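K.L.:
What follows is structure.cif, made up of mmCIF, C-alpha atoms:
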data_entry
#
loop_
_atom_site.label_atom_id
_atom_site.label_comp_id
_atom_site.auth_asym_id
_atom_site.auth_seq_id
_atom_site.Cartn_x
_atom_site.Cartn_y
_atom_site.Cartn_z
CA MET A 1 100.91 99.29 73.16
CA ALA A 2 103.52 100.00 75.86
CA LEU A 3 102.23 100.77 79.34
CA ASN A 4 102.25 104.36 80.56
CA LYS A 5 103.47 105.26 84.05
CA GLU A 6 100.02 104.99 85.61
CA GLN A 7 99.52 101.53 84.13
CA ILE A 8 102.91 100.35 85.37
CA ALA A 9 101.97 101.60 88.84
CA LYS A 10 98.55 99.92 88.64
CA ARG A 11 100.13 96.56 87.71
CA ILE A 12 102.62 96.80 90.58
CA ALA A 13 99.79 97.58 92.98
CA LYS A 14 98.41 94.10 92.25
CA GLU A 15 101.45 92.70 94.10
CA LEU A 16 100.35 94.32 97.36
CA LYS A 17 98.99 91.94 99.98
CA ASP A 18 96.72 92.78 102.87
CA GLY A 19 98.78 93.74 105.90
CA TYR A 20 101.93 94.64 103.99
CA TYR A 21 104.29 97.39 105.12
CA VAL A 22 105.49 99.03 101.92
CA ASN A 23 108.14 101.57 100.94
CA LEU A 24 107.51 103.38 97.65
CA GLY A 25 110.44 105.15 95.98
CA ILE A 26 110.40 108.46 94.15
CA GLY A 27 108.87 108.65 90.66
CA ILE A 28 106.58 105.95 89.23
CA PRO A 29 106.63 103.97 92.52
CA THR A 30 104.78 106.76 94.39
CA LEU A 31 101.89 106.36 91.92
CA VAL A 32 101.36 102.81 93.23
CA ALA A 33 99.66 104.40 96.25
CA ASN A 34 96.82 105.55 93.98
CA TYR A 35 95.96 101.99 92.89
CA ILE A 36 95.87 99.97 96.10
CA PRO A 37 93.26 97.26 95.43
CA GLU A 38 89.95 97.27 97.26
CA GLY A 39 90.11 95.36 100.52
CA VAL A 40 93.90 95.35 100.64
CA ASN A 41 95.12 97.30 103.65
CA VAL A 42 98.75 98.33 103.52
CA VAL A 43 100.84 100.72 105.57
CA LEU A 44 103.11 103.03 103.62
CA GLN A 45 106.51 103.69 105.18
CA SER A 46 108.29 106.97 104.50
CA GLU A 47 111.98 106.52 105.25
CA ASN A 48 112.29 109.96 106.83
CA GLY A 49 110.35 108.70 109.81
CA LEU A 50 106.68 107.84 109.27
CA LEU A 51 104.53 104.73 109.06
CA GLY A 52 101.06 105.47 107.76
CA MET A 53 101.73 107.96 105.02
CA GLY A 54 98.52 109.35 103.54
CA PRO A 55 97.69 111.34 100.42
CA PHE A 56 98.74 114.90 99.65
CA PRO A 57 96.92 117.50 101.81
CA PHE A 58 94.14 119.73 100.53
CA GLU A 59 95.31 123.14 99.41
CA GLY A 60 95.87 125.34 102.43
CA ASP A 61 96.45 122.40 104.79
CA GLU A 62 100.14 121.90 103.95
CA ASP A 63 102.29 121.26 107.04
CA PRO A 64 106.02 121.99 106.63
CA ASP A 65 106.84 119.46 109.36
CA LEU A 66 105.08 116.64 107.50
CA ILE A 67 106.86 115.54 104.34
CA ASN A 68 107.75 112.29 102.59
CA ALA A 69 111.13 111.03 101.40
CA GLY A 70 110.72 113.04 98.20
CA LYS A 71 110.31 116.24 100.31
CA GLN A 72 106.64 116.55 99.27
CA THR A 73 103.94 117.66 101.72
CA ILE A 74 101.71 114.75 102.80
CA THR A 75 99.17 113.73 105.43
CA THR A 76 98.90 110.73 107.71
CA VAL A 77 96.22 108.05 108.04
CA PRO A 78 94.75 106.58 111.26
CA GLY A 79 97.21 104.27 113.02
CA SER A 80 100.27 106.22 111.91
CA ALA A 81 103.46 106.67 113.92
CA PHE A 82 106.48 108.98 113.80
CA PHE A 83 110.02 107.87 114.63
CA ASP A 84 113.61 108.87 113.93
CA SER A 85 115.84 107.99 111.00
CA ALA A 86 117.83 105.34 112.87
CA MET A 87 114.64 103.46 113.71
CA SER A 88 113.40 103.96 110.15
CA PHE A 89 116.40 102.29 108.61
CA GLY A 90 116.53 99.83 111.47
CA MET A 91 113.10 98.50 110.53
CA ILE A 92 114.18 98.32 106.91
CA ARG A 93 117.45 96.55 107.75
CA ALA A 94 115.73 94.10 110.11
CA GLY A 95 113.35 92.98 107.39
CA LYS A 96 110.13 94.48 108.75
CA VAL A 97 109.28 96.18 105.46
CA ASP A 98 107.54 93.60 103.27
CA LEU A 99 107.90 95.27 99.90
CA THR A 100 109.95 98.06 98.40
CA VAL A 101 109.19 99.50 94.96
CA LEU A 102 111.77 101.64 93.26
CA GLY A 103 112.88 102.90 89.89
CA ALA A 104 116.03 101.91 88.01
CA MET A 105 118.30 103.08 85.26
CA GLU A 106 119.61 99.54 84.68
CA VAL A 107 118.90 96.06 86.00
CA SER A 108 121.09 93.03 85.25
CA ASP A 109 119.80 89.51 84.63
CA ASN A 110 121.03 88.34 88.03
CA GLY A 111 119.17 91.15 89.80
CA ASP A 112 121.83 93.85 90.22
CA ILE A 113 120.39 97.36 90.14
CA ALA A 114 121.86 100.74 89.20
CA ASN A 115 119.70 103.73 90.01
CA TRP A 116 121.73 106.42 91.71
CA LYS A 117 124.64 107.76 89.68
CA ILE A 118 125.72 108.68 86.18
CA PRO A 119 129.45 109.41 86.59
CA GLY A 120 130.43 112.93 85.63
CA LYS A 121 126.82 113.94 85.00
CA MET A 122 124.49 113.07 87.81
CA VAL A 123 125.85 112.49 91.27
CA LYS A 124 123.00 113.41 93.57
CA GLY A 125 123.66 110.67 96.09
CA MET A 126 122.06 107.36 96.90
CA GLY A 127 119.73 108.47 99.70
CA GLY A 128 118.04 105.39 101.16
CA ALA A 129 118.17 103.27 98.02
CA MET A 130 121.20 101.16 98.98
CA ASP A 131 119.70 100.36 102.40
CA LEU A 132 116.38 99.39 100.85
CA VAL A 133 117.80 97.08 98.19
CA ALA A 134 120.23 95.46 100.65
CA SER A 135 117.53 94.55 103.15
CA ALA A 136 113.97 94.59 101.83
CA LYS A 137 112.33 91.19 101.69
CA ASN A 138 110.80 91.82 98.26
CA ILE A 139 111.99 94.32 95.69
CA ILE A 140 109.99 95.31 92.60
CA VAL A 141 111.41 97.69 90.06
CA ALA A 142 109.31 100.05 87.95
CA MET A 143 111.18 101.13 84.85
CA GLN A 144 111.19 101.92 81.15
CA HIS A 145 112.40 98.90 79.19
CA THR A 146 114.67 100.98 76.97
CA ASN A 147 116.40 104.35 77.29
CA PRO A 148 115.53 107.36 75.09
CA LYS A 149 117.99 106.03 72.47
CA GLY A 150 116.09 102.74 72.32
CA GLU A 151 118.87 100.77 74.05
CA SER A 152 117.89 97.99 76.47
CA LYS A 153 118.01 98.74 80.19
CA LEU A 154 117.61 95.04 81.06
CA LEU A 155 121.23 94.01 80.68
CA PRO A 156 123.59 91.08 81.14
CA LYS A 157 125.61 93.36 83.43
CA CYS A 158 124.99 96.91 84.61
CA THR A 159 127.29 99.55 83.15
CA LEU A 160 126.39 102.27 85.65
CA PRO A 161 127.54 102.34 89.31
CA LEU A 162 125.55 99.77 91.29
CA THR A 163 123.03 100.44 94.02
CA GLY A 164 122.87 96.78 95.04
CA VAL A 165 123.73 93.26 93.88
CA GLY A 166 121.50 90.29 93.22
CA CYS A 167 118.53 91.93 94.92
CA VAL A 168 115.78 92.67 92.40
CA LYS A 169 112.99 90.08 92.39
CA LYS A 170 110.59 91.42 89.79
CA ILE A 171 110.47 94.14 87.12
CA VAL A 172 107.40 95.81 85.72
CA SER A 173 108.48 97.71 82.63
CA ASP A 174 106.40 99.51 80.03
CA LEU A 175 106.60 96.33 77.95
CA GLY A 176 105.95 93.54 80.43
CA VAL A 177 106.43 91.82 83.76
CA PHE A 178 109.64 89.90 84.46
CA ASP A 179 110.76 87.71 87.33
CA ILE A 180 114.49 87.48 88.02
CA THR A 181 115.43 83.79 88.03
CA PRO A 182 118.63 81.73 87.79
CA GLU A 183 117.98 81.72 84.02
CA GLY A 184 117.82 85.52 83.92
CA PHE A 185 114.79 87.66 83.06
CA ARG A 186 111.66 85.48 82.85
CA CYS A 187 108.85 87.24 81.02
CA ILE A 188 105.55 86.24 82.61
CA GLU A 189 103.31 88.96 81.21
CA LEU A 190 103.29 91.18 78.12
CA ALA A 191 101.79 94.66 77.75
CA PRO A 192 98.76 94.64 75.41
CA GLY A 193 99.86 94.49 71.79
CA VAL A 194 103.53 93.91 72.67
CA THR A 195 104.99 90.81 70.99
CA VAL A 196 107.55 88.30 72.21
CA GLU A 197 109.73 89.38 69.30
CA GLU A 198 109.77 92.97 70.53
CA ILE A 199 110.71 91.82 74.05
CA LYS A 200 113.54 89.68 72.66
CA ALA A 201 114.81 92.57 70.52
CA LYS A 202 114.74 95.02 73.42
CA THR A 203 116.16 92.81 76.20
CA ALA A 204 119.95 92.56 76.13
CA GLY A 205 120.26 90.28 79.16
CA ARG A 206 119.42 86.56 79.33
CA LEU A 207 115.71 86.15 78.65
CA VAL A 208 113.25 83.31 79.01
CA ILE A 209 109.61 83.58 77.97
CA ALA A 210 107.25 81.73 80.28
CA ASP A 211 105.20 78.98 78.59
CA ASN A 212 102.01 80.49 79.96
CA VAL A 213 102.94 84.12 79.32
CA LYS A 214 99.80 86.23 79.37
CA GLU A 215 98.70 89.76 78.66
CA ILE A 216 98.69 92.42 81.40
CA ALA A 217 95.13 93.45 82.15
CA VAL A 218 95.04 97.24 81.98
CA MET B 1 115.52 124.77 139.27
CA GLY B 2 118.11 122.03 138.59
CA LEU B 3 120.49 122.25 135.63
CA ASN B 4 119.95 125.29 133.44
CA LYS B 5 121.31 124.92 129.93
CA VAL B 6 119.62 127.92 128.42
CA VAL B 7 121.64 130.32 126.27
CA THR B 8 120.32 133.58 124.84
CA GLY B 9 120.30 132.61 121.18
CA ALA B 10 122.18 131.16 118.24
CA ASP B 11 125.16 133.50 118.53
CA GLU B 12 125.83 132.50 122.12
CA ALA B 13 125.13 128.84 121.28
CA ILE B 14 127.85 128.70 118.62
CA HIS B 15 130.33 131.01 120.33
CA ASP B 16 133.12 128.42 120.50
CA ILE B 17 132.63 126.84 117.09
CA SER B 18 135.82 127.60 115.19
CA SER B 19 137.26 127.02 111.75
CA GLY B 20 137.96 123.43 110.82
CA VAL B 21 135.59 121.63 113.19
CA THR B 22 133.23 118.77 112.38
CA LEU B 23 129.56 119.64 112.78
CA MET B 24 126.48 117.45 112.72
CA LEU B 25 123.36 119.27 111.54
CA GLY B 26 119.91 117.80 111.94
CA GLY B 27 117.14 117.81 109.39
CA PHE B 28 115.83 115.98 106.33
CA GLY B 29 115.70 118.28 103.33
CA LEU B 30 114.59 121.56 104.87
CA CYS B 31 112.43 119.81 107.44
CA GLY B 32 113.69 120.05 111.00
CA ILE B 33 116.84 122.03 110.20
CA PRO B 34 118.41 124.31 112.84
CA GLU B 35 117.67 127.51 110.91
CA ASN B 36 118.91 129.96 113.57
CA CYS B 37 122.28 128.28 114.10
CA ILE B 38 122.90 127.94 110.38
CA GLN B 39 122.25 131.64 109.95
CA ALA B 40 124.58 132.40 112.86
CA LEU B 41 127.35 130.27 111.29
CA VAL B 42 126.90 132.17 108.03
CA ARG B 43 127.04 135.52 109.87
CA LYS B 44 130.21 134.54 111.71
CA GLY B 45 131.81 133.27 108.48
CA ILE B 46 133.31 130.20 110.18
CA ASP B 47 134.93 128.19 107.42
CA ASN B 48 136.76 124.95 106.65
CA LEU B 49 133.84 123.07 108.16
CA THR B 50 133.15 119.38 107.82
CA CYS B 51 129.37 119.04 107.87
CA ILE B 52 127.51 115.80 108.53
CA SER B 53 123.89 116.16 107.46
CA ASN B 54 121.52 114.05 105.39
CA ASN B 55 121.11 116.76 102.76
CA ALA B 56 122.74 120.02 101.77
CA GLY B 57 119.68 122.24 101.77
CA VAL B 58 118.72 124.17 98.68
CA ASP B 59 120.83 126.81 96.97
CA ASP B 60 119.57 129.69 99.08
CA PHE B 61 118.46 128.03 102.30
CA GLY B 62 119.75 125.67 104.94
CA ILE B 63 123.28 124.34 104.47
CA GLY B 64 123.14 125.77 100.95
CA LEU B 65 123.86 129.15 102.55
CA LEU B 66 127.14 127.82 103.99
CA LEU B 67 128.04 126.28 100.62
CA GLN B 68 127.34 129.54 98.80
CA LYS B 69 129.81 131.31 101.06
CA LYS B 70 132.34 128.50 100.60
CA GLN B 71 132.40 127.78 104.33
CA VAL B 72 132.22 124.01 103.88
CA LYS B 73 135.39 122.04 103.17
CA LYS B 74 133.82 118.61 103.33
CA MET B 75 130.24 117.39 103.21
CA ILE B 76 129.10 114.00 104.49
CA ALA B 77 125.56 113.40 103.24
CA SER B 78 123.28 110.86 101.58
CA TYR B 79 121.57 113.02 98.96
CA VAL B 80 122.38 116.43 97.58
CA GLY B 81 120.04 116.56 94.60
CA GLU B 82 118.11 119.64 95.67
CA ASN B 83 121.18 121.85 95.62
CA ALA B 84 122.59 122.72 92.20
CA GLU B 85 125.51 124.64 93.70
CA PHE B 86 126.45 121.57 95.73
CA GLU B 87 126.38 119.31 92.67
CA ARG B 88 128.50 121.86 90.81
CA GLN B 89 131.09 122.09 93.61
CA LEU B 90 131.13 118.28 93.82
CA LEU B 91 131.64 117.73 90.08
CA SER B 92 134.31 120.46 89.88
CA GLY B 93 136.26 119.11 92.85
CA GLU B 94 135.97 122.30 94.92
CA LEU B 95 134.12 120.44 97.65
CA GLU B 96 135.16 117.18 99.26
CA VAL B 97 132.15 114.90 99.49
CA GLU B 98 131.52 111.59 101.17
CA LEU B 99 128.20 110.17 100.01
CA VAL B 100 126.90 107.78 102.62
CA PRO B 101 123.75 105.63 102.36
CA GLN B 102 121.04 107.27 104.46
CA GLY B 103 120.63 104.32 106.81
CA THR B 104 124.38 104.07 107.30
CA LEU B 105 124.50 107.81 108.01
CA ALA B 106 121.73 107.52 110.58
CA THR B 107 123.28 104.48 112.22
CA ARG B 108 126.80 105.95 112.38
CA CYS B 109 125.26 108.87 114.29
CA MET B 110 123.41 106.40 116.51
CA ALA B 111 126.58 104.38 117.13
CA ALA B 112 128.39 107.50 118.32
CA GLY B 113 125.52 108.28 120.67
CA TYR B 114 125.32 104.72 121.97
CA GLY B 115 129.05 104.45 122.67
CA MET B 116 129.62 101.84 119.95
CA PRO B 117 132.76 102.39 117.89
CA ALA B 118 131.44 100.62 114.81
CA ILE B 119 128.46 98.89 113.25
CA TYR B 120 127.88 96.37 110.48
CA THR B 121 125.39 97.08 107.72
CA PRO B 122 124.65 95.39 104.38
CA ALA B 123 123.96 98.71 102.64
CA GLY B 124 126.39 99.33 99.82
CA TYR B 125 127.86 95.81 99.67
CA GLY B 126 128.95 95.17 96.07
CA THR B 127 128.95 98.89 95.22
CA GLU B 128 131.58 101.64 95.26
CA VAL B 129 130.53 102.40 98.84
CA ALA B 130 132.23 99.15 99.87
CA GLU B 131 135.63 100.11 98.44
CA GLY B 132 138.39 99.86 101.01
CA LYS B 133 136.07 98.66 103.75
CA GLU B 134 136.22 95.50 105.83
CA ILE B 135 133.56 93.01 104.88
CA ARG B 136 132.32 90.28 107.13
CA GLU B 137 129.76 87.57 106.61
CA PHE B 138 127.08 86.88 109.19
CA ASN B 139 124.55 84.11 108.64
CA GLY B 140 125.41 83.91 104.95
CA LYS B 141 124.98 87.64 104.28
CA ASN B 142 127.72 90.20 103.65
CA TYR B 143 128.05 93.32 105.78
CA LEU B 144 130.32 96.36 105.66
CA LEU B 145 132.12 97.59 108.77
CA GLU B 146 131.24 101.27 109.24
CA PHE B 147 132.55 103.54 111.98
CA ALA B 148 130.78 105.83 114.41
CA PHE B 149 131.04 109.53 113.58
CA ASN B 150 133.11 111.75 115.83
CA PRO B 151 131.65 115.26 115.61
CA ASP B 152 132.86 118.20 117.67
CA PHE B 153 129.39 119.74 117.76
CA ALA B 154 125.88 118.52 116.98
CA ILE B 155 123.29 121.18 116.18
CA VAL B 156 119.70 119.99 116.32
CA LYS B 157 116.23 121.45 115.98
CA ALA B 158 113.32 120.35 118.15
CA TRP B 159 109.69 121.37 118.63
CA LYS B 160 109.71 121.72 122.39
CA GLY B 161 112.44 121.69 124.94
CA ASP B 162 112.91 122.49 128.57
CA THR B 163 115.61 124.26 130.55
CA GLN B 164 117.28 120.91 131.33
CA GLY B 165 117.59 120.10 127.66
CA ASN B 166 114.83 117.52 127.35
CA LEU B 167 113.52 117.57 123.77
CA ILE B 168 110.31 116.65 121.96
CA PHE B 169 110.17 116.51 118.17
CA LYS B 170 107.28 117.04 115.80
CA GLU B 171 106.17 114.75 113.01
CA THR B 172 108.79 114.26 110.31
CA SER B 173 111.01 117.08 111.53
CA ARG B 174 112.35 114.52 114.00
CA ASN B 175 114.44 112.54 111.44
CA PHE B 176 118.17 112.78 112.28
CA ASN B 177 117.87 115.14 115.22
CA PRO B 178 117.60 112.61 118.07
CA MET B 179 120.64 110.54 117.06
CA MET B 180 122.72 113.62 116.34
CA ALA B 181 121.77 115.07 119.71
CA MET B 182 123.16 111.92 121.32
CA ALA B 183 126.35 111.97 119.23
CA GLY B 184 127.64 115.49 119.78
CA LYS B 185 130.55 116.13 122.15
CA VAL B 186 128.75 119.42 122.57
CA THR B 187 125.09 119.40 121.52
CA ILE B 188 123.23 122.62 120.77
CA ALA B 189 119.45 122.49 120.51
CA GLU B 190 117.23 125.21 119.12
CA VAL B 191 113.54 124.79 119.86
CA GLU B 192 110.28 126.47 118.88
CA GLU B 193 108.99 126.44 122.42
CA LEU B 194 111.20 126.51 125.51
CA VAL B 195 109.57 125.75 128.85
CA PRO B 196 110.78 125.46 132.44
CA ALA B 197 111.83 122.00 133.62
CA GLY B 198 108.75 120.21 134.94
CA GLN B 199 106.37 121.32 132.22
CA LEU B 200 107.17 118.56 129.75
CA ASP B 201 105.57 115.19 130.51
CA PRO B 202 108.53 112.81 131.06
CA ASN B 203 106.59 110.12 129.15
CA GLN B 204 106.61 112.37 126.09
CA VAL B 205 110.32 113.23 126.06
CA HIS B 206 112.12 111.92 122.96
CA THR B 207 115.65 113.02 123.83
CA PRO B 208 116.60 113.21 127.50
CA GLY B 209 118.45 116.34 128.55
CA ILE B 210 121.64 114.46 129.43
CA TYR B 211 122.54 114.69 125.75
CA VAL B 212 122.00 118.42 125.40
CA HIS B 213 124.50 121.05 126.55
CA ARG B 214 122.98 124.29 125.28
CA ILE B 215 119.37 125.11 124.45
CA PHE B 216 117.58 128.25 123.27
CA GLN B 217 114.24 129.30 121.91
CA GLY B 218 114.64 130.02 118.21
CA VAL B 219 113.06 132.92 116.35
CA ASN B 220 111.54 133.64 112.93
CA TYR B 221 111.40 130.09 111.62
CA GLU B 222 110.74 130.17 107.89
CA LYS B 223 110.03 126.40 107.67
CA ARG B 224 110.32 126.44 103.93
CA ILE B 225 108.47 123.74 101.97
CA GLU B 226 110.50 122.21 99.14
CA GLN B 227 107.66 120.52 97.25
CA ARG B 228 104.24 121.87 98.00
CA THR B 229 102.01 119.00 96.80
CA VAL B 230 98.24 119.11 97.28
CA ARG B 231 95.10 117.33 96.15
CA LYS B 232 91.83 118.87 95.08
CA ARG B 233 88.80 118.95 97.28
CA ASN B 234 85.81 117.26 95.58
#
Translate the structure described by the file into structure tokens.
P.N.:
Amino acid sequence: MALNKEQIAKRIAKELKDGYYVNLGIGIPTLVANYIPEGVNVVLQSENGLLGMGPFPFEGDEDPDLINAGKQTITTVPGSAFFDSAMSFGMIRAGKVDLTVLGAMEVSDNGDIANWKIPGKMVKGMGGAMDLVASAKNIIVAMQHTNPKGESKLLPKCTLPLTGVGCVKKIVSDLGVFDITPEGFRCIELAPGVTVEEIKAKTAGRLVIADNVKEIAV
Amino acid sequence: MGLNKVVTGADEAIHDISSGVTLMLGGFGLCGIPENCIQALVRKGIDNLTCISNNAGVDDFGIGLLLQKKQVKKMIASYVGENAEFERQLLSGELEVELVPQGTLATRCMAAGYGMPAIYTPAGYGTEVAEGKEIREFNGKNYLLEFAFNPDFAIVKAWKGDTQGNLIFKETSRNFNPMMAMAGKVTIAEVEELVPAGQLDPNQVHTPGIYVHRIFQGVNYEKRIEQRTVRKRN
């Protein structure tokens, strides 16, 4: 049974380590904030100028001057700090952000990522994505394994315009968990009920199944 | 007392902005945008503008108002997804667009303000953003050479300011405003609260007044929220 978005987010949250500074992209990555494991203290960075992003406010407490990178109203947590956009991307570029989680349209088996443009159809801009993938120490992608037509999104080579090259370290898709290695996608975990055969059929890029591949605990 | 940079309002602040200039406009989404000056630019109908701003507002607010009236010739931004009219003008070729990674955008503003003609950044290496650009390797990593912006005017929004142009920003409405304030040949600041010099604690000042040429107290801020997201009380 393929993972739903919440389950993908929950699995990614297991990668968080105590003391991490983390940037969560728009979409499934923002859900990771709801599954931070007990006893793991992380600081969420919002690229528009905040360390210490908190949950959404209670109704009536919305502050128009306090938004996240997705333009949603948020709150802060104790120990937070505000700063400008140059400092924000400075801390990203200088490797102070331990982990970035973002979505993808395509990932190639050497870790290229395409997540910002569909030529002629969707050209909204790259926002902070190119900076994040070029500089973050650790990059995890949350994505659907196939597109609505059932075609693989884990490819030998991306067909869409790239966001970054050779940068993705790990993918959590609705079907499993994959490390990017010199041999390509290395499947280390499978979603419950998903078989190796299904993974092989739905992964167009180079694929290796780990000897000790296990089931994702949902 | 001392330097007095106060003007009466947006109309006086933009009085010498003419067709064809390059403007920097602060803000992230609709947060921290110079609402009064944008409205004044729309009223005056100044066109052929090159606008440097992280986003293009929404269809009926912020820079979207300038786009609606076809006052923008070229947009330099990192993300324009909230504005359907922008995307339409981009795809149809009516509007010249330079999409710049957000960090590169911020740092090119910073470079201008810090007197540095260019910076190196890894953002966009290996992508279409790198086309035509010099690439240099430092410590085994590839960087693109990117140039400082050269705006005629920078228009910023701050929370508090004083008559000498010192500025304090609030929460996430700070974003691009400080770097843009530094980068403008002429910097215009609109603030929610304008006080006499001496009332702001110098330890709290985010942007020193040396960077600001004109300042005024804005009026009727709408402070529109793009995505009102809330959680339930238990």
K.L.:
Using all atoms listed in the file, which of the listed residues (A:Gly90, A:Gly128, A:Pro78, A:Gly95) sits closest to Leu24 (chain A)?
P.N.:
A:Gly128
K.L.:
Please tabulate, as JSON lines, the residues of chain B that come within 8 Å of chain A, each with its closest pair of atoms and the distance in Å to one decimal, counting all atoms listed in the file and ordering rows by chain, then residue number upward.
P.N.:
{"residue": "B:Phe28", "atom": "CA", "partner": "A:Asn48", "partner_atom": "CA", "distance": 7.0}
{"residue": "B:Gly29", "atom": "CA", "partner": "A:Lys71", "partner_atom": "CA", "distance": 6.5}
{"residue": "B:Cys31", "atom": "CA", "partner": "A:Asp65", "partner_atom": "CA", "distance": 5.9}
{"residue": "B:Gly32", "atom": "CA", "partner": "A:Asp65", "partner_atom": "CA", "distance": 7.1}
{"residue": "B:Ala77", "atom": "CA", "partner": "A:Gly125", "partner_atom": "CA", "distance": 7.9}
{"residue": "B:Ser78", "atom": "CA", "partner": "A:Gly127", "partner_atom": "CA", "distance": 4.7}
{"residue": "B:Tyr79", "atom": "CA", "partner": "A:Gly125", "partner_atom": "CA", "distance": 4.3}
{"residue": "B:Val80", "atom": "CA", "partner": "A:Lys124", "partner_atom": "CA", "distance": 5.1}
{"residue": "B:Gly81", "atom": "CA", "partner": "A:Lys124", "partner_atom": "CA", "distance": 4.4}
{"residue": "B:Glu87", "atom": "CA", "partner": "A:Lys124", "partner_atom": "CA", "distance": 6.9}
{"residue": "B:Leu91", "atom": "CA", "partner": "A:Gly120", "partner_atom": "CA", "distance": 6.7}
{"residue": "B:Leu99", "atom": "CA", "partner": "A:Gly125", "partner_atom": "CA", "distance": 6.0}
{"residue": "B:Val100", "atom": "CA", "partner": "A:Met126", "partner_atom": "CA", "distance": 7.5}
{"residue": "B:Pro101", "atom": "CA", "partner": "A:Gly127", "partner_atom": "CA", "distance": 5.6}
{"residue": "B:Gln102", "atom": "CA", "partner": "A:Gly128", "partner_atom": "CA", "distance": 4.8}
{"residue": "B:Gly103", "atom": "CA", "partner": "A:Phe89", "partner_atom": "CA", "distance": 5.0}
{"residue": "B:Thr104", "atom": "CA", "partner": "A:Asp131", "partner_atom": "CA", "distance": 7.7}
{"residue": "B:Ala106", "atom": "CA", "partner": "A:Ala86", "partner_atom": "CA", "distance": 5.0}
{"residue": "B:Thr107", "atom": "CA", "partner": "A:Ala86", "partner_atom": "CA", "distance": 5.6}
{"residue": "B:Met110", "atom": "CA", "partner": "A:Ala86", "partner_atom": "CA", "distance": 6.7}
{"residue": "B:Thr121", "atom": "CA", "partner": "A:Arg93", "partner_atom": "CA", "distance": 8.0}
{"residue": "B:Pro122", "atom": "CA", "partner": "A:Ala134", "partner_atom": "CA", "distance": 5.8}
{"residue": "B:Ala123", "atom": "CA", "partner": "A:Asp131", "partner_atom": "CA", "distance": 4.6}
{"residue": "B:Gly124", "atom": "CA", "partner": "A:Met130", "partner_atom": "CA", "distance": 5.6}
{"residue": "B:Tyr125", "atom": "CA", "partner": "A:Gly164", "partner_atom": "CA", "distance": 6.9}
{"residue": "B:Gly126", "atom": "CA", "partner": "A:Val165", "partner_atom": "CA", "distance": 6.0}
{"residue": "B:Thr127", "atom": "CA", "partner": "A:Leu162", "partner_atom": "CA", "distance": 5.3}
{"residue": "B:Glu128", "atom": "CA", "partner": "A:Pro161", "partner_atom": "CA", "distance": 7.2}
{"residue": "B:Lys170", "atom": "CA", "partner": "A:Asp65", "partner_atom": "CA", "distance": 6.9}
{"residue": "B:Glu171", "atom": "CA", "partner": "A:Phe82", "partner_atom": "CA", "distance": 5.8}
{"residue": "B:Thr172", "atom": "CA", "partner": "A:Leu66", "partner_atom": "CA", "distance": 5.2}
{"residue": "B:Ser173", "atom": "CA", "partner": "A:Asp65", "partner_atom": "CA", "distance": 5.3}
{"residue": "B:Arg174", "atom": "CA", "partner": "A:Asp84", "partner_atom": "CA", "distance": 5.8}
{"residue": "B:Asn175", "atom": "CA", "partner": "A:Asp84", "partner_atom": "CA", "distance": 4.5}
{"residue": "B:Phe176", "atom": "CA", "partner": "A:Ser85", "partner_atom": "CA", "distance": 5.5}
{"residue": "B:Asn177", "atom": "CA", "partner": "A:Asp84", "partner_atom": "CA", "distance": 7.7}
{"residue": "B:Pro178", "atom": "CA", "partner": "A:Asp84", "partner_atom": "CA", "distance": 6.9}
{"residue": "B:Met179", "atom": "CA", "partner": "A:Ala86", "partner_atom": "CA", "distance": 7.2}
{"residue": "B:Lys223", "atom": "CA", "partner": "A:Pro64", "partner_atom": "CA", "distance": 6.1}
{"residue": "B:Arg224", "atom": "CA", "partner": "A:Pro64", "partner_atom": "CA", "distance": 6.8}
{"residue": "B:Ile225", "atom": "CA", "partner": "A:Pro64", "partner_atom": "CA", "distance": 5.5}
{"residue": "B:Glu226", "atom": "CA", "partner": "A:Lys71", "partner_atom": "CA", "distance": 6.1}
{"residue": "B:Gln227", "atom": "CA", "partner": "A:Gln72", "partner_atom": "CA", "distance": 4.6}
{"residue": "B:Arg228", "atom": "CA", "partner": "A:Thr73", "partner_atom": "CA", "distance": 5.6}
{"residue": "B:Thr229", "atom": "CA", "partner": "A:Thr73", "partner_atom": "CA", "distance": 5.5}
{"residue": "B:Val230", "atom": "CA", "partner": "A:Phe56", "partner_atom": "CA", "distance": 4.9}
{"residue": "B:Arg231", "atom": "CA", "partner": "A:Phe58", "partner_atom": "CA", "distance": 5.1}
{"residue": "B:Lys232", "atom": "CA", "partner": "A:Phe58", "partner_atom": "CA", "distance": 6.0}
{"residue": "B:Arg233", "atom": "CA", "partner": "A:Phe58", "partner_atom": "CA", "distance": 6.3}
K.L.:
Of the candidates B:Val212, B:Ala148, B:Lys133, B:Leu67, which shows the shortest atom-to-atom distance to Leu90 (chain B), using all atoms listed in the file?
P.N.:
B:Leu67
K.L.:
I'd like the interatomic distance between CA of Thr207 (chain B) and CA of Gly165 (chain B), to a tenth of an Å.
P.N.:
8.3 Å
K.L.:
Report as a list in words the full result of the PyMOL selection byres ((chain B and resi 195) around 10) when it is applied to this structure.
P.N.:
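Applying the PyMOL selection byres ((chain B and resi 195) around 10) to the structure shown produces Lys160, Gly161, Asp162, Thr163, Gln164, Gly165, Asn166, Val191, Glu193, Leu194, Pro196, Ala197, Gly198, Gln199, Leu200 and Gln217 of chain B.
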K.L.:
Quick one, how far is CA of Lys214 (chain A) from CA of Val42 (chain A)?
P.N.:
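Distance between the two atoms: 27.0 Å.
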K.L.:
Pick out the residues sitting within 8 Å of region 40-43 of chain B, and hand them over as a ChimeraX atom specification; count all atoms listed in the file, and ignore anything fewer than 6 positions along from it in its own chain.
P.N.:
/B:10-11,14,65-66,69,71
